[in-house]
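J.: Provided herewith: work_29.tsv, TSV, C-alpha atoms.
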```
chain	number	residue	atom	x	y	z
R	1301	MET	CA	-31.76	6.06	-4.37
R	1302	LEU	CA	-29.21	3.61	-5.77
R	1303	LEU	CA	-30.58	0.90	-3.48
R	1304	HIS	CA	-34.12	1.66	-4.73
R	1305	LEU	CA	-32.92	1.29	-8.32
R	1306	LEU	CA	-31.19	-2.01	-7.57
R	1307	ALA	CA	-34.15	-3.41	-5.65
R	1308	GLY	CA	-36.40	-2.59	-8.60
R	1309	LEU	CA	-33.95	-4.24	-10.99
R	1310	ALA	CA	-33.90	-7.37	-8.82
R	1311	GLN	CA	-37.66	-7.71	-9.27
R	1312	ARG	CA	-37.27	-7.80	-13.07
R	1313	GLU	CA	-33.92	-9.44	-13.62
R	1314	ALA	CA	-31.85	-12.25	-12.13
R	1315	VAL	CA	-29.24	-10.42	-10.07
R	1316	PRO	CA	-27.02	-11.56	-7.18
R	1317	PRO	CA	-28.48	-11.17	-3.67
R	1318	LEU	CA	-28.60	-7.56	-2.48
R	1319	SER	CA	-27.54	-6.27	0.92
R	1320	ALA	CA	-26.83	-2.78	2.24
R	1321	ILE	CA	-24.13	-1.31	4.47
R	1322	HIS	CA	-24.44	1.84	6.55
R	1323	ILE	CA	-21.24	3.29	7.99
R	1324	HIS	CA	-21.81	5.10	11.28
R	1325	HIS	CA	-18.92	7.52	11.82
R	1326	GLY	CA	-20.19	8.85	15.15
R	1327	LEU	CA	-19.06	12.38	14.31
R	1328	GLN	CA	-22.29	14.23	15.18
R	1329	PRO	CA	-25.21	13.47	17.53
R	1330	VAL	CA	-27.85	13.65	14.80
R	1331	ALA	CA	-26.19	10.71	13.04
R	1332	ASP	CA	-27.38	8.35	15.80
R	1333	ALA	CA	-30.85	8.39	14.21
R	1334	TRP	CA	-29.63	7.45	10.73
R	1335	PRO	CA	-29.27	3.67	11.23
R	1336	ALA	CA	-32.99	3.46	12.14
R	1337	HIS	CA	-33.92	5.36	8.97
R	1338	CYS	CA	-31.72	3.04	6.89
R	1339	GLN	CA	-33.29	0.00	8.55
R	1340	GLN	CA	-36.79	1.25	7.80
R	1341	LEU	CA	-35.89	1.81	4.14
R	1342	CYS	CA	-34.23	-1.60	3.80
R	1343	ASP	CA	-37.16	-3.35	5.48
R	1344	ALA	CA	-39.51	-1.74	2.94
R	1345	LEU	CA	-37.33	-2.98	0.06
R	1346	GLY	CA	-36.72	-6.42	1.57
R	1347	VAL	CA	-32.95	-5.87	1.67
R	1348	PRO	CA	-30.82	-6.93	4.68
R	1349	LEU	CA	-28.83	-4.13	6.30
R	1350	GLN	CA	-25.49	-4.19	8.09
R	1351	VAL	CA	-24.61	-1.19	10.27
R	1352	LEU	CA	-20.88	-0.76	10.86
R	1353	ALA	CA	-19.61	1.70	13.46
R	1354	VAL	CA	-16.12	3.06	12.75
R	1355	ARG	CA	-13.71	5.02	14.87
R	1356	VAL	CA	-12.43	8.12	13.12
R	1357	ARG	CA	-8.96	8.88	14.45
R	1358	PRO	CA	-7.97	12.53	14.95
R	1359	GLY	CA	-6.32	14.10	11.94
R	1360	ALA	CA	-5.59	17.37	10.21
R	1361	SER	CA	-8.36	16.70	7.67
R	1362	LEU	CA	-11.58	15.29	9.11
R	1363	GLU	CA	-12.82	14.63	5.58
R	1364	ARG	CA	-9.77	12.51	4.78
R	1365	VAL	CA	-9.65	10.46	7.98
R	1366	ALA	CA	-13.42	9.80	7.83
R	1367	ARG	CA	-13.05	8.60	4.26
R	1368	GLU	CA	-10.15	6.33	5.22
R	1369	ALA	CA	-12.18	4.81	8.06
R	1370	ARG	CA	-15.18	4.33	5.77
R	1371	TYR	CA	-13.28	2.59	3.00
R	1372	ALA	CA	-11.38	0.43	5.48
R	1373	ALA	CA	-14.76	-0.78	6.78
R	1374	PHE	CA	-15.98	-1.43	3.24
R	1375	GLU	CA	-12.84	-3.40	2.44
R	1376	ALA	CA	-13.13	-5.53	5.58
R	1377	ALA	CA	-16.79	-6.27	4.85
R	1378	LEU	CA	-16.29	-7.44	1.25
R	1379	ALA	CA	-15.92	-11.17	0.72
R	1380	ALA	CA	-14.19	-12.68	-2.30
R	1381	GLY	CA	-16.15	-11.97	-5.46
R	1382	GLU	CA	-18.54	-9.48	-3.85
R	1383	VAL	CA	-19.23	-6.08	-5.42
R	1384	LEU	CA	-19.81	-2.82	-3.56
R	1385	LEU	CA	-21.85	-0.22	-5.46
R	1386	LEU	CA	-21.55	3.44	-4.46
R	1387	ALA	CA	-23.84	6.27	-5.55
R	1388	GLN	CA	-21.32	8.99	-6.39
R	1389	GLN	CA	-22.53	10.94	-9.41
R	1390	ARG	CA	-21.30	13.37	-12.05
R	1391	ASP	CA	-21.31	16.47	-9.83
R	1392	ASP	CA	-19.27	14.58	-7.23
R	1393	GLN	CA	-16.79	13.70	-9.96
R	1394	ALA	CA	-16.48	17.34	-11.05
R	1395	GLU	CA	-15.92	18.45	-7.45
R	1396	THR	CA	-13.26	15.76	-7.00
R	1397	LEU	CA	-11.43	16.90	-10.13
R	1398	LEU	CA	-11.49	20.54	-9.04
R	1399	PHE	CA	-10.43	19.68	-5.48
R	1400	ARG	CA	-7.46	17.63	-6.68
R	1401	LEU	CA	-6.52	20.23	-9.27
R	1402	LEU	CA	-6.23	22.83	-6.52
R	1403	ARG	CA	-3.99	20.43	-4.59
R	1404	GLY	CA	-1.63	20.06	-7.54
R	1405	ALA	CA	-2.43	16.42	-8.31
R	1406	GLY	CA	-0.90	14.63	-11.28
R	1407	VAL	CA	-2.62	12.80	-14.11
R	1408	ARG	CA	-3.70	9.86	-11.98
R	1409	GLY	CA	-5.15	12.10	-9.28
R	1410	LEU	CA	-6.98	14.27	-11.81
R	1411	ALA	CA	-8.62	11.17	-13.24
R	1412	ALA	CA	-10.70	11.54	-10.06
R	1413	MET	CA	-12.94	8.60	-9.08
R	1414	PRO	CA	-12.63	5.52	-11.32
R	1415	PRO	CA	-15.89	3.84	-12.38
R	1416	SER	CA	-14.54	0.57	-10.98
R	1417	ARG	CA	-11.57	-0.74	-9.05
R	1418	ALA	CA	-10.52	-3.61	-6.83
R	1419	LEU	CA	-11.33	-3.24	-3.15
R	1420	GLY	CA	-10.05	-5.84	-0.73
R	1421	ALA	CA	-11.19	-9.27	-1.82
R	1422	GLY	CA	-13.99	-7.78	-3.92
R	1423	HIS	CA	-14.64	-4.94	-6.31
R	1424	LEU	CA	-16.03	-1.40	-6.15
R	1425	LEU	CA	-18.39	0.02	-8.80
R	1426	ARG	CA	-19.76	3.54	-9.28
R	1427	PRO	CA	-22.60	3.07	-11.77
R	1428	LEU	CA	-24.02	6.62	-11.51
R	1429	LEU	CA	-21.00	8.70	-12.53
R	1430	GLN	CA	-22.75	9.68	-15.76
R	1431	CYS	CA	-25.83	11.00	-13.94
R	1432	SER	CA	-26.14	14.52	-12.55
R	1433	ARG	CA	-27.25	15.36	-9.03
R	1434	ALA	CA	-30.37	17.03	-10.45
R	1435	GLU	CA	-31.34	13.88	-12.39
R	1436	LEU	CA	-31.01	11.71	-9.31
R	1437	GLN	CA	-32.98	14.13	-7.17
R	1438	ALA	CA	-35.74	14.18	-9.78
R	1439	TYR	CA	-35.86	10.38	-9.66
R	1440	ALA	CA	-36.14	10.44	-5.86
R	1441	VAL	CA	-38.98	12.96	-5.97
R	1442	ALA	CA	-40.82	11.07	-8.71
R	1443	HIS	CA	-40.70	7.83	-6.68
R	1444	ARG	CA	-41.55	9.62	-3.41
R	1445	LEU	CA	-38.39	8.48	-1.71
R	1446	SER	CA	-37.53	9.89	1.70
R	1447	TRP	CA	-34.00	10.82	2.63
R	1448	LEU	CA	-32.01	12.54	5.37
R	1449	ASP	CA	-29.65	15.44	4.78
R	1450	ASP	CA	-26.32	15.40	6.57
R	1451	PRO	CA	-26.04	18.82	8.28
R	1452	SER	CA	-22.27	18.76	7.83
R	1453	ASN	CA	-22.78	18.92	4.05
R	1454	ALA	CA	-23.73	22.59	4.48
R	1455	ASP	CA	-20.60	23.45	6.46
R	1456	CYS	CA	-18.34	25.39	4.10
R	1457	ARG	CA	-15.37	25.00	6.43
R	1458	PHE	CA	-14.93	21.66	4.67
R	1459	SER	CA	-13.20	22.04	1.32
R	1460	ARG	CA	-15.61	19.91	-0.70
R	1461	ASN	CA	-18.62	21.77	0.69
R	1462	TYR	CA	-16.97	25.09	-0.15
R	1463	LEU	CA	-16.49	23.97	-3.73
R	1464	ARG	CA	-20.05	22.63	-3.92
R	1465	HIS	CA	-21.84	25.66	-2.47
R	1466	ARG	CA	-19.55	28.58	-3.30
R	1467	VAL	CA	-17.49	27.71	-6.36
R	1468	MET	CA	-19.52	25.32	-8.54
R	1469	PRO	CA	-22.62	27.59	-8.66
R	1470	VAL	CA	-20.45	30.49	-9.90
R	1471	LEU	CA	-18.91	28.29	-12.59
R	1472	ALA	CA	-22.31	26.94	-13.60
R	1473	GLY	CA	-23.66	30.48	-13.83
R	1474	ARG	CA	-21.08	31.27	-16.51
R	1475	TRP	CA	-20.71	27.78	-18.00
R	1476	PRO	CA	-23.92	25.76	-17.44
R	1477	GLN	CA	-22.22	22.52	-18.53
R	1478	ALA	CA	-19.19	23.02	-16.27
R	1479	ALA	CA	-19.81	19.90	-14.17
R	1480	ALA	CA	-20.37	17.72	-17.24
R	1481	ALA	CA	-17.26	19.13	-18.92
R	1482	MET	CA	-15.09	18.53	-15.84
R	1483	ALA	CA	-16.40	14.98	-15.48
R	1484	ARG	CA	-15.57	14.41	-19.16
R	1485	THR	CA	-12.07	15.78	-18.56
R	1486	ALA	CA	-11.67	13.31	-15.69
R	1487	GLU	CA	-12.53	10.50	-18.15
R	1488	HIS	CA	-9.86	11.73	-20.58
R	1489	LEU	CA	-7.31	11.90	-17.79
R	1490	GLY	CA	-8.31	8.40	-16.73
R	1491	GLU	CA	-7.38	7.17	-20.20
R	1492	ALA	CA	-4.09	9.07	-20.02
R	1493	ALA	CA	-3.37	7.46	-16.64
R	1494	GLN	CA	-3.97	4.02	-18.16
R	1495	LEU	CA	-1.47	4.79	-20.92
R	1496	LEU	CA	1.10	5.94	-18.36
R	1497	ASP	CA	0.55	2.70	-16.44
R	1498	GLU	CA	1.11	0.68	-19.62
R	1499	LEU	CA	4.34	2.58	-20.25
R	1500	ALA	CA	5.45	1.99	-16.65
R	1501	ARG	CA	4.84	-1.76	-16.94
R	1502	GLN	CA	6.92	-1.85	-20.12
R	1503	ASP	CA	9.74	0.16	-18.51
R	1504	LEU	CA	9.76	-2.08	-15.43
R	1505	VAL	CA	10.16	-5.37	-17.30
R	1506	ALA	CA	13.94	-5.07	-17.60
R	1507	ALA	CA	14.26	-3.77	-14.02
R	1508	GLN	CA	12.37	-6.70	-12.49
R	1509	THR	CA	14.93	-9.36	-13.34
R	1510	PRO	CA	15.83	-11.30	-10.17
R	1511	GLY	CA	19.10	-10.52	-8.43
R	1512	ALA	CA	21.45	-12.56	-6.27
R	1513	PHE	CA	19.42	-12.03	-3.08
R	1514	ALA	CA	15.94	-12.99	-4.27
R	1515	TRP	CA	15.69	-15.15	-1.13
R	1516	LEU	CA	15.20	-11.98	0.90
R	1517	GLU	CA	11.72	-11.80	-0.67
R	1518	LEU	CA	11.76	-7.99	-0.64
R	1519	PRO	CA	10.38	-5.81	-3.46
R	1520	ASN	CA	13.42	-4.79	-5.50
R	1521	LEU	CA	14.43	-3.48	-8.92
R	1522	ALA	CA	17.62	-3.36	-10.93
R	1523	LEU	CA	18.75	0.26	-11.13
R	1524	ALA	CA	20.59	0.22	-14.48
R	1525	PRO	CA	17.44	-0.13	-16.67
R	1526	LEU	CA	15.85	2.79	-14.80
R	1527	ARG	CA	18.94	4.95	-15.26
R	1528	ALA	CA	18.57	4.51	-19.03
R	1529	LEU	CA	15.12	6.18	-18.97
R	1530	SER	CA	14.37	9.88	-19.05
R	1531	ALA	CA	13.75	11.53	-15.69
R	1532	ALA	CA	10.00	11.69	-16.37
R	1533	ARG	CA	9.82	7.98	-17.25
R	1534	GLN	CA	11.86	7.11	-14.15
R	1535	ARG	CA	9.33	8.90	-11.96
R	1536	ASN	CA	6.42	7.32	-13.81
R	1537	ALA	CA	7.83	3.80	-13.40
R	1538	LEU	CA	8.63	4.33	-9.72
R	1539	ARG	CA	5.19	5.80	-8.99
R	1540	TYR	CA	3.61	2.72	-10.53
R	1541	TRP	CA	5.90	0.29	-8.68
R	1542	LEU	CA	5.53	2.02	-5.31
R	1543	ARG	CA	1.79	2.71	-5.64
R	1544	GLU	CA	0.72	-0.35	-3.64
R	1545	LEU	CA	3.51	0.11	-1.11
R	1546	THR	CA	3.32	3.71	0.06
R	1547	PRO	CA	1.64	7.07	-0.49
R	1548	MET	CA	3.83	9.00	-2.88
R	1549	PRO	CA	5.28	12.45	-2.16
R	1550	ASP	CA	4.49	15.56	-4.15
R	1551	SER	CA	6.84	16.71	-6.87
R	1552	ASP	CA	8.88	18.91	-4.51
R	1553	HIS	CA	10.08	15.84	-2.58
R	1554	TRP	CA	11.37	13.82	-5.52
R	1555	ALA	CA	14.83	15.22	-4.88
R	1556	GLY	CA	15.17	12.23	-2.53
R	1557	TRP	CA	14.99	9.90	-5.53
R	1558	GLN	CA	17.63	11.88	-7.41
R	1559	ALA	CA	19.96	11.80	-4.40
R	1560	LEU	CA	19.53	8.04	-4.05
R	1561	ARG	CA	20.02	7.42	-7.76
R	1562	ASP	CA	23.11	9.61	-8.11
R	1563	ALA	CA	24.92	8.72	-4.86
R	1564	ALA	CA	28.47	7.39	-5.06
R	1565	ASP	CA	28.94	3.68	-5.73
R	1566	ASP	CA	30.25	3.02	-2.22
R	1567	ALA	CA	27.37	4.87	-0.52
R	1568	ALA	CA	24.27	3.31	1.05
R	1569	PRO	CA	21.66	5.98	0.25
R	1570	VAL	CA	18.10	5.90	1.60
R	1571	TRP	CA	14.93	7.65	0.39
R	1572	ARG	CA	12.43	7.83	3.26
R	1573	LEU	CA	8.79	7.75	2.22
R	1574	ALA	CA	5.50	7.71	4.12
R	1575	ALA	CA	5.23	3.93	4.64
R	1576	GLY	CA	8.85	2.80	4.44
R	1577	GLU	CA	12.26	3.36	2.91
R	1578	LEU	CA	13.82	2.83	-0.50
R	1579	HIS	CA	17.44	1.63	-0.20
R	1580	ARG	CA	20.10	1.27	-2.88
R	1581	ALA	CA	22.56	-1.61	-2.65
R	1582	ASP	CA	24.59	-3.41	-5.30
R	1583	GLU	CA	22.91	-1.33	-8.03
R	1584	ARG	CA	19.46	-2.47	-6.95
R	1585	LEU	CA	16.58	-0.66	-5.28
R	1586	TRP	CA	15.08	-2.33	-2.21
R	1587	TRP	CA	11.80	-1.47	-0.51
R	1588	LEU	CA	11.91	-1.87	3.29
R	1589	THR	CA	9.16	-1.48	5.85
R	1590	GLY	CA	7.95	-3.06	9.08
R	1591	ASP	CA	10.65	-4.91	11.06
R	1592	TRP	CA	13.24	-4.02	8.42
R	1593	LEU	CA	13.24	-0.42	9.66
R	1594	GLN	CA	14.39	-1.36	13.17
R	1595	MET	CA	17.56	-3.14	14.20
R	1596	PRO	CA	16.65	-6.39	15.95
R	1597	ALA	CA	17.35	-7.06	19.60
R	1598	PRO	CA	20.21	-9.48	20.42
R	1599	PRO	CA	18.94	-13.03	19.83
R	1600	ALA	CA	18.81	-14.51	23.35
R	1601	VAL	CA	17.19	-17.75	22.18
R	1602	GLN	CA	17.53	-21.45	22.90
R	1603	LEU	CA	19.18	-23.42	20.10
R	1604	ARG	CA	17.51	-26.57	18.81
R	1605	ALA	CA	18.15	-28.59	15.69
R	1606	ASN	CA	15.78	-28.89	12.70
R	1607	GLN	CA	13.16	-26.53	14.15
R	1608	PRO	CA	12.51	-22.86	13.37
R	1609	ILE	CA	13.87	-20.56	16.06
R	1610	ARG	CA	12.02	-17.25	16.20
R	1611	LEU	CA	14.22	-14.16	16.29
R	1612	PRO	CA	12.51	-11.08	17.78
R	1613	GLY	CA	11.97	-8.58	14.98
R	1614	ASN	CA	14.07	-10.61	12.54
R	1615	GLY	CA	12.14	-13.58	11.21
R	1616	SER	CA	13.44	-17.00	12.21
R	1617	VAL	CA	16.54	-19.15	11.91
R	1618	ARG	CA	16.96	-22.91	11.57
R	1619	ILE	CA	19.83	-25.31	12.11
R	1620	ASP	CA	19.46	-28.07	9.52
R	1621	GLY	CA	21.34	-31.08	10.84
R	1622	GLN	CA	22.95	-31.83	14.16
R	1623	LEU	CA	25.50	-29.54	15.75
R	1624	PRO	CA	28.54	-31.17	17.38
R	1625	ALA	CA	28.09	-31.54	21.11
R	1626	ALA	CA	29.22	-28.36	22.84
R	1627	ALA	CA	27.82	-26.22	25.60
R	1628	ALA	CA	28.86	-22.87	24.13
R	1629	TRP	CA	26.86	-22.60	20.88
R	1630	ARG	CA	25.10	-19.24	20.57
R	1631	LEU	CA	23.49	-16.93	18.02
R	1632	ALA	CA	24.46	-13.30	17.59
R	1633	TYR	CA	24.47	-10.43	15.10
R	1634	ARG	CA	27.41	-8.62	13.60
R	1635	ARG	CA	29.00	-5.91	15.71
R	1636	GLY	CA	32.19	-5.32	13.72
R	1637	GLY	CA	35.65	-6.85	13.82
R	1638	GLU	CA	34.50	-10.49	13.45
R	1639	ARG	CA	36.84	-12.97	11.81
R	1640	MET	CA	36.12	-16.41	10.44
R	1641	ASN	CA	38.41	-19.37	9.79
R	1642	LEU	CA	37.91	-20.76	6.28
R	1643	PRO	CA	39.52	-24.02	5.05
R	1644	GLY	CA	42.42	-23.20	2.75
R	1645	ARG	CA	42.12	-19.45	3.38
R	1646	GLY	CA	42.79	-19.08	7.07
R	1647	GLN	CA	41.35	-16.23	9.13
R	1648	ARG	CA	39.31	-13.73	7.13
R	1649	ASP	CA	37.53	-10.56	8.18
R	1650	LEU	CA	33.77	-11.03	8.03
R	1651	LYS	CA	33.45	-7.54	6.54
R	1652	ARG	CA	35.63	-8.56	3.58
R	1653	LEU	CA	33.69	-11.80	3.12
R	1654	LEU	CA	30.42	-9.86	3.00
R	1655	ASN	CA	31.95	-7.42	0.53
R	1656	GLU	CA	33.04	-10.30	-1.71
R	1657	ARG	CA	29.46	-11.55	-1.84
R	1658	GLN	CA	28.07	-8.00	-2.26
R	1659	VAL	CA	25.65	-8.45	0.64
R	1660	PRO	CA	23.40	-5.36	0.86
R	1661	ALA	CA	24.32	-3.03	3.72
R	1662	PHE	CA	20.84	-3.17	5.27
R	1663	VAL	CA	21.13	-6.97	5.57
R	1664	ARG	CA	24.56	-7.22	7.20
R	1665	GLY	CA	23.55	-6.28	10.72
R	1666	ARG	CA	20.62	-8.74	10.62
R	1667	LEU	CA	22.38	-11.86	9.35
R	1668	PRO	CA	22.33	-14.48	12.12
R	1669	LEU	CA	25.82	-15.61	13.12
R	1670	LEU	CA	26.47	-18.92	14.87
R	1671	TRP	CA	29.32	-18.98	17.37
R	1672	CYS	CA	30.93	-21.79	19.32
R	1673	ALA	CA	32.61	-20.16	22.30
R	1674	ASP	CA	34.69	-17.36	20.70
R	1675	GLU	CA	34.84	-18.91	17.22
R	1676	LEU	CA	32.51	-17.78	14.43
R	1677	ARG	CA	31.31	-20.98	12.78
R	1678	ALA	CA	28.54	-19.95	10.37
R	1679	VAL	CA	26.84	-17.00	8.64
R	1680	ALA	CA	23.26	-17.79	7.71
R	1681	ASP	CA	22.26	-18.28	4.07
R	1682	LEU	CA	25.66	-17.46	2.52
R	1683	PRO	CA	27.00	-20.50	0.62
R	1684	GLY	CA	30.43	-21.51	1.86
R	1685	LEU	CA	29.90	-19.62	5.12
R	1686	ASP	CA	26.67	-21.20	6.37
R	1687	GLY	CA	28.19	-24.38	7.80
R	1688	PRO	CA	31.03	-26.91	7.55
R	1689	GLY	CA	32.31	-28.17	4.22
R	1690	ASP	CA	31.10	-31.71	4.90
R	1691	GLY	CA	27.48	-30.49	4.96
R	1692	GLN	CA	26.64	-32.08	8.33
R	1693	TRP	CA	24.65	-28.98	9.27
R	1694	ARG	CA	23.61	-25.63	7.81
R	1695	LEU	CA	22.41	-22.35	9.30
R	1696	THR	CA	19.42	-21.02	7.35
R	1697	TRP	CA	17.51	-17.80	7.91
R	1698	GLN	CA	13.94	-16.84	7.05
R	1699	PRO	CA	14.05	-13.02	6.95
R	1700	PRO	CA	11.14	-10.98	8.37
R	1701	MET	CA	8.16	-10.40	6.14
R	1702	ASN	CA	8.03	-6.97	4.54
R	1703	ASP	CA	4.73	-5.59	5.88
R	1704	ARG	CA	3.45	-3.66	2.86
R	1705	GLY	CA	0.74	-1.87	4.83
R	1706	LEU	CA	-1.33	-0.98	1.73
R	1707	SER	CA	-3.60	-2.85	-0.53
```
Mind converting the file's structure to structure tokens?

T.:
Amino acid sequence: MLLHLLAGLAQREAVPPLSAIHIHHGLQPVADAWPAHCQQLCDALGVPLQVLAVRVRPGASLERVAREARYAAFEAALAAGEVLLLAQQRDDQAETLLFRLLRGAGVRGLAAMPPSRALGAGHLLRPLLQCSRAELQAYAVAHRLSWLDDPSNADCRFSRNYLRHRVMPVLAGRWPQAAAAMARTAEHLGEAAQLLDELARQDLVAAQTPGAFAWLELPNLALAPLRALSAARQRNALRYWLRELTPMPDSDHWAGWQALRDAADDAAPVWRLAAGELHRADERLWWLTGDWLQMPAPPAVQLRANQPIRLPGNGSVRIDGQLPAAAAWRLAYRRGGERMNLPGRGQRDLKRLLNERQVPAFVRGRLPLLWCADELRAVADLPGLDGPGDGQWRLTWQPPMNDRGLS
């Protein structure tokens, strides 16, 4: 129906080129006939069609994993500047609000489906959220449109179908405008979520000042400005900051944040979340994921000057300059007990040197060390320790990229 509306608009107005996408989930045999129906409809409207087959991985909630597969396909298909229009309507919005309410969602979740949002390189729009299901069905009947019903939509084992067929009719029988009222509530909550986001951005300004280890290129925040906020504003700011990095836990699991925040100064606390870990070091919060969650294998690599040397699971290292001729140069990682000879200071424990520079605990075991025979000659990226005083060569490290995993 939305495609019919858009095709009619394109005949009267100058609009960008239209195309359609059908996602084939492959979850039921009857769905194999749907691409042909979509093709017939698109041919009649003169609109090109792309059929995308997706693989729905097993999961506890078939509804959720199918949705994830569908939106991942949409995101991959959108080019820069393109817009995807979806036909969700007011009754869908009311069902989404009620579904999330029963799951204990917060303000952002209860805002339900936004009318527009970024999606991959493009944008997603829902232009029919103000229209009821009955209005759209009346339009389809009036224009003699043909459509196929998904048999799974009648299966009340699925939560949304249960709400649609068992709960919403009862509510509408007592409150005829229930769906419209719930959709309006979702709009109000959407505004409230925007205000909370604005507050979070304001609260994060002071916490986003760069620290001494900006070269790690990891998402991080200063902890002191967050400590000064109320507990509710701390959670709001962290939810906003972590939103693009990981799914957030429900309210019962925020004790992990309190434990990390309130740990002793000499501790190295960790809050484990769905897509990574939040670490605290030197009064800063650090977000780690990907290779950062695994200790790298010993670097059995061939040394060469002025070229990046890839370290398995740990980025790359580079020797800028020419090392003195010796057959025993090698790279290694810290194991404990290392000592380093410093001009004017003599032998010093590496642990103490790292403490002096307040190197975060999660970095220490990954810092590349350059040895010549049994003598530690350089610690990558730490001024005064990364090479000789005459500057003839330096050991530099490009840490691993922090794979954010979300968009």

J.: What does the distance between atom CA of R:Ala1493 and atom CA of R:Ala1506 come to in Å, to one decimal place?

T.: 21.4 Å

J.: Atom CA of R:Ala1372 to atom CA of R:Ser1319: how many Å, to one decimal?

T.: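 Interatomic distance, atom CA of R:Ala1372 to atom CA of R:Ser1319: 18.1 Å.
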
J.: Between R:His1423, R:Arg1634, R:Arg1417, R:Arg1457, which is the closest to R:Pro1599 once you count all atoms listed in the file?

T.: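 Using all atoms listed in the file, R:Pro1599 sits closest to R:Arg1634.
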
J.: Give me, as a list of chain:residue names, all polymer residues having an atom no more than 10 Å from R:Gly1691, counting all atoms listed in the file and skipping those fewer than 5 positions away in the same chain.

T.: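 The neighbour list is R:Asp1620, R:Gly1621, R:Gly1684, R:Asp1686.
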
J.: May I have the residues at most 7 Å from (19.0, -21.7, 11.4) in the file's coordinates, counting only C-alpha atoms, as a tab-separated table (two decimals) with C-alpha atoms, keeping the file's coordinate frame?

T.:
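The result, stored in selection_1.tsv:
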```tsv
chain	number	residue	atom	x	y	z
R	1608	PRO	CA	12.51	-22.86	13.37
R	1617	VAL	CA	16.54	-19.15	11.91
R	1618	ARG	CA	16.96	-22.91	11.57
R	1619	ILE	CA	19.83	-25.31	12.11
R	1620	ASP	CA	19.46	-28.07	9.52
R	1680	ALA	CA	23.26	-17.79	7.71
R	1695	LEU	CA	22.41	-22.35	9.30
R	1696	THR	CA	19.42	-21.02	7.35
R	1697	TRP	CA	17.51	-17.80	7.91
```

J.: What is the atom CA of R:Glu1675 to atom CA of R:Gly1687 distance in Å?

T.: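 The value is 12.8 Å.
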
J.: Report as JSON lines: every residue of stretch 1486-1513 of chain R with an atom at most 12 Å from stretch 1389-1403 of chain R, its closest pair of atoms, and their distance in Å to one decimal, counting only C-alpha atoms, with rows sorted by chain and ascending residue number.

T.:
```
{"residue": "R:Ala1486", "atom": "CA", "partner": "R:Leu1397", "partner_atom": "CA", "distance": 6.6}
{"residue": "R:Glu1487", "atom": "CA", "partner": "R:Gln1393", "partner_atom": "CA", "distance": 9.8}
{"residue": "R:His1488", "atom": "CA", "partner": "R:Leu1397", "partner_atom": "CA", "distance": 11.8}
{"residue": "R:Leu1489", "atom": "CA", "partner": "R:Leu1397", "partner_atom": "CA", "distance": 10.0}
{"residue": "R:Gly1490", "atom": "CA", "partner": "R:Leu1397", "partner_atom": "CA", "distance": 11.2}
```

J.: Would you kindly return, as a PDB file with C-alpha atoms, in the frame of the given file, each protein, DNA or RNA residue with an atom no farther than 9 Å from any atom of R:Leu1676, considering all atoms listed in the file and excluding same-chain residues fewer than 5 positions away?

T.:
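Saved the output as around.pdb:
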```pdb
ATOM      1  CA  GLU R1638      34.500 -10.490  13.450  1.00  0.00           C
ATOM      2  CA  ARG R1639      36.840 -12.970  11.810  1.00  0.00           C
ATOM      3  CA  MET R1640      36.120 -16.410  10.440  1.00  0.00           C
ATOM      4  CA  ASN R1641      38.410 -19.370   9.790  1.00  0.00           C
ATOM      5  CA  LEU R1669      25.820 -15.610  13.120  1.00  0.00           C
ATOM      6  CA  LEU R1670      26.470 -18.920  14.870  1.00  0.00           C
ATOM      7  CA  TRP R1671      29.320 -18.980  17.370  1.00  0.00           C
TER       8      TRP R1671
END
```

J.: Might you pull out every residue within 6 Å of R:Leu1585, with only C-alpha atoms counted and same-chain residues fewer than 4 positions away left off, and present them as a list in words?

T.: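 Within the cut-off, the hits are Asn1520, Leu1521, His1579 and Arg1580 of chain R.
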
J.: Give me a file of those residues, with C-alpha atoms, as a short mmCIF file (atom, residue, chain, number, x, y, z; two decimals), in the frame of the given file.

T.:
```cif
data_model
loop_
_atom_site.label_atom_id
_atom_site.label_comp_id
_atom_site.auth_asym_id
_atom_site.auth_seq_id
_atom_site.Cartn_x
_atom_site.Cartn_y
_atom_site.Cartn_z
CA ASN R 1520 13.42 -4.79 -5.50
CA LEU R 1521 14.43 -3.48 -8.92
CA HIS R 1579 17.44 1.63 -0.20
CA ARG R 1580 20.10 1.27 -2.88
#
```

J.: Give me the box for stretch 1320-1328 of chain R as lines of an AutoDock Vina configuration file, namely the centre and edge lengths in Å to one decimal of a box along x, y and z that holds every listed atom plus 8 Å on each side.

T.:
```
center_x = -22.9
center_y = 5.7
center_z = 8.7
size_x = 23.9
size_y = 33.0
size_z = 28.9
```

J.: Out of R:Gln1328, R:Thr1509, R:Asn1614, R:Ser1446, which residue has the shortest atom-to-atom distance to R:Trp1592 when counting all atoms listed in the file?

T.: R:Asn1614

J.: Within 7 Å of (-11.8, -5.3, -0.6) (file coordinates; all atoms listed in the file), which protein or nucleic acid residues are there? I'd like them as a VMD selection string.

T.: chain R and resid 1374 to 1376 1378 1418 to 1423

J.: Which residues are close to stretch 1361-1371 of chain R, i.e. within 9 Å by only C-alpha atoms, leaving aside same-chain residues fewer than 2 positions away? Reply as a PyMOL selection string.

T.: chain R and resi 1323-1325+1327+1354-1359+1373-1376+1419+1458-1460

J.: Choose the residue, out of R:Leu1631, R:Leu1495, R:Asp1566, R:Arg1584, that has the smallest atom-to-atom separation from R:Ala1524; count only C-alpha atoms.

T.: R:Arg1584

J.: Pick out the residues sitting within 12 Å of R:Ala1528, and hand them over as a ChimeraX atom specification; count all atoms listed in the file, and ignore anything fewer than 6 positions along from it in its own chain.

T.: /R:1503-1504,1506-1507,1522,1534,1561
